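**Student:** This is the structure I have questions about; it appears just below.
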Amino acid sequence: MVGRGRLWPGRRGAAVIGLALLVVLATGVAAGIQGQPNVSVFAPENTVSPGETTQIELELMNNGTIEEGSQGIEVITQQGDRQRVQTARDVTVEAEADGPPFEVETSTVPVGNLPEGTSGPIPITLSVNEDAPASTYQLSVTVEYVYTSEIENGEETVVEETLTEEVPIEIEETARFEVEDTESDLAVGSDGEVTGSIENVGSEDAEDAVLRIAGEEGTLGFADREYALGDVDAGESAEFAFDADVSAEASEGERQLDFVVVYRDEQGNEREATTNARVSVGPEPEEFGVSPVDATVESGATRTVELEVTNERDDPVSNVNAQLFADSPLSTEDDEAYADEIAPGESVVLAFEVSAEDGAMAKQYPLDVDFSYEDESSETRLSDRYQVAIKVVEPADDGIASWAAGAVGVVLVIVGIAIGIRRLA
């Protein structure tokens, strides 16, 4: 039937069209979908330096492919199925060095799922040999994963895949530094100096190099943390020196100093290199030497005791106040003495009044003494206590008592003789 220029199919025609559509849809379900991930590996930043342990970051790229339908018929599939056959699942990455000049310090890295696109960064730690020649080397990277290669009637075909790719690693020419011949006179509670030399053991010259002390050491301070080295060509050395101060709370032993060398390469670019050195901090030196000059006291008597005090420091001390401490049977009422200044290595004699109790046993007893003083920076310090030996002796015989005792003895002898004669008579 024709009406107004349009041709309307009859019921039979509509049935034929519906049947054809059902056939197409049924064919699409039966044909399913096929595809696979296409994974590749690359390193955006692949430059390393000799002698360093560093990380490079790998990236994975998945350019998945897909093949739809069968018998050349294009069909409509669910988006989830398309993504599933293109996704690499349970991805792991393992890097290996083919040999020198670097080693891989990272074990297998799990990545997870990798759909279309990129994934990363995947950190891989490399340890580069110090004598590694500048060149381009290959890092062998193995990627393992599983994927669904086909989905048909709701059923999946799963495939395991392993691929190995070579990623180029470039070892660049660079300056590198090692600290040599480090010496120090550091000691607890005193100032000192750290000296040494630093050698450019790399393959590139360093211009306008500056050596910096990195990090903080709580008990070790530096007046200046930078030292200008100047130009240090490859294979050449430069000397350095740092003034240091060790606090009185520090402990003796080894310390590690971390250094950063800031320099310009041959292209004028600012670069940095790190190195370190060990220095030794000695025990706190004796500030004073104390020895008795005249240190004998009679039991029951009081006398002047003299002590010789020597400045053992490397700098002069001033306003030296000595304090004496005594325990029974010794005592002192004049327990302080003063010295205006004592130069390094020089000595003064300080006097104190010391008493020994009557009846004190004749032997040596200890006396303690400490010193409050000002150092060359006018800082007031208190020394440790020093101990000296004081000898207590029996009272000396004054001669009169001995004469009296002798006279009494003579009289007794005479009396005895007289009594004896009388009895004989």
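Going through the structure tokens in order, the chains are called A, B, and so on, while each chain numbers its residues from 1 and the ligands are numbered from 1 in the order shown.
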For segment 341-347 of chain A, please output as a list of chain:residue names all residues within 10 Å (counting only C-alpha atoms; exclusion window: fewer than 5 positions along the same chain).

**Tutor:**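 Non-adjacent residues within range: A:Glu287, A:Phe288, A:Gly289, A:Val290, A:Glu308, A:Val309, A:Thr310, A:Asn311, A:Glu312, A:Arg313, A:Asp314, A:Asp315, A:Pro316, A:Val317, A:Ser318, A:Asn319, A:Val320, A:Tyr373, A:Glu374.
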
**Student:** According to DSSP computed on the backbone, where in segment 73-268 of chain A is there alpha helix (DSSP H)? Give the residues as a PyMOL selection string.

**Tutor:** chain A and resi 79-86

**Student:** Would you kindly return, as a ChimeraX atom specification, each protein, DNA or RNA residue with an atom no farther than 8 Å from any atom of Tyr386 of chain A, considering only C-alpha atoms and excluding same-chain residues fewer than 3 positions away?

**Tutor:** /A:290,368-370

**Student:** What's the separation between atom CA of Ser135 of chain A and atom CA of Gln267 of chain A, in Å to one decimal place?

**Tutor:**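 Calculated distance between atom CA of Ser135 of chain A and atom CA of Gln267 of chain A is 18.4 Å.
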
**Student:** List every residue of segment 242-394 of chain A that DSSP, applied to the backbone of this structure, assigns to strand (DSSP E), and report them as a ChimeraX atom specification.

**Tutor:** /A:242-246,253-264,270-281,288-294,296-298,302-311,317-326,330-334,336-342,347-356,364-374,380-382,386-393

**Student:** In terms of the shortest atom-to-atom distance over only C-alpha atoms, which of A:Ser190, A:Ser127, A:Thr87, A:Thr182 is closest to Leu257 of chain A?

**Tutor:**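 Smallest separation from Leu257 of chain A among the options: A:Thr182.
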
**Student:** At a cut-off of 12 Å, can you tabulate as JSON lines every residue of segment 278-350 of chain A near segment 203-220 of chain A together with its closest atom pair and the distance in Å to one decimal, using only C-alpha atoms and ordering rows by chain then number?

**Tutor:**
{"residue": "A:Val279", "atom": "CA", "partner": "A:Leu220", "partner_atom": "CA", "distance": 11.1}
{"residue": "A:Ser280", "atom": "CA", "partner": "A:Leu220", "partner_atom": "CA", "distance": 11.4}
{"residue": "A:Val281", "atom": "CA", "partner": "A:Leu220", "partner_atom": "CA", "distance": 9.4}

**Student:** Just to confirm, what's the straight-line distance from atom CA of Thr53 of chain A to atom CA of Val262 of chain A in Å (one decimal)?

**Tutor:**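 A separation of 18.5 Å between them.
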
**Student:** Determine, counting only C-alpha atoms, which protein, DNA and RNA residues have an atom within 7 Å of an atom of segment 242-254 of chain A; residues of the same chain fewer than 3 positions away are not included. Present the result as a list in words.

**Tutor:**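 The filter keeps Leu186, Ala187, Val188, Gly189, Ser190, Asp191, Gly192, Glu193, Val194, Thr195, Thr219, Leu220, Gly221, Phe222, Ala223, Asp224, Arg278, Val279, Ser280, Val281, Gly282 and Pro283 of chain A.
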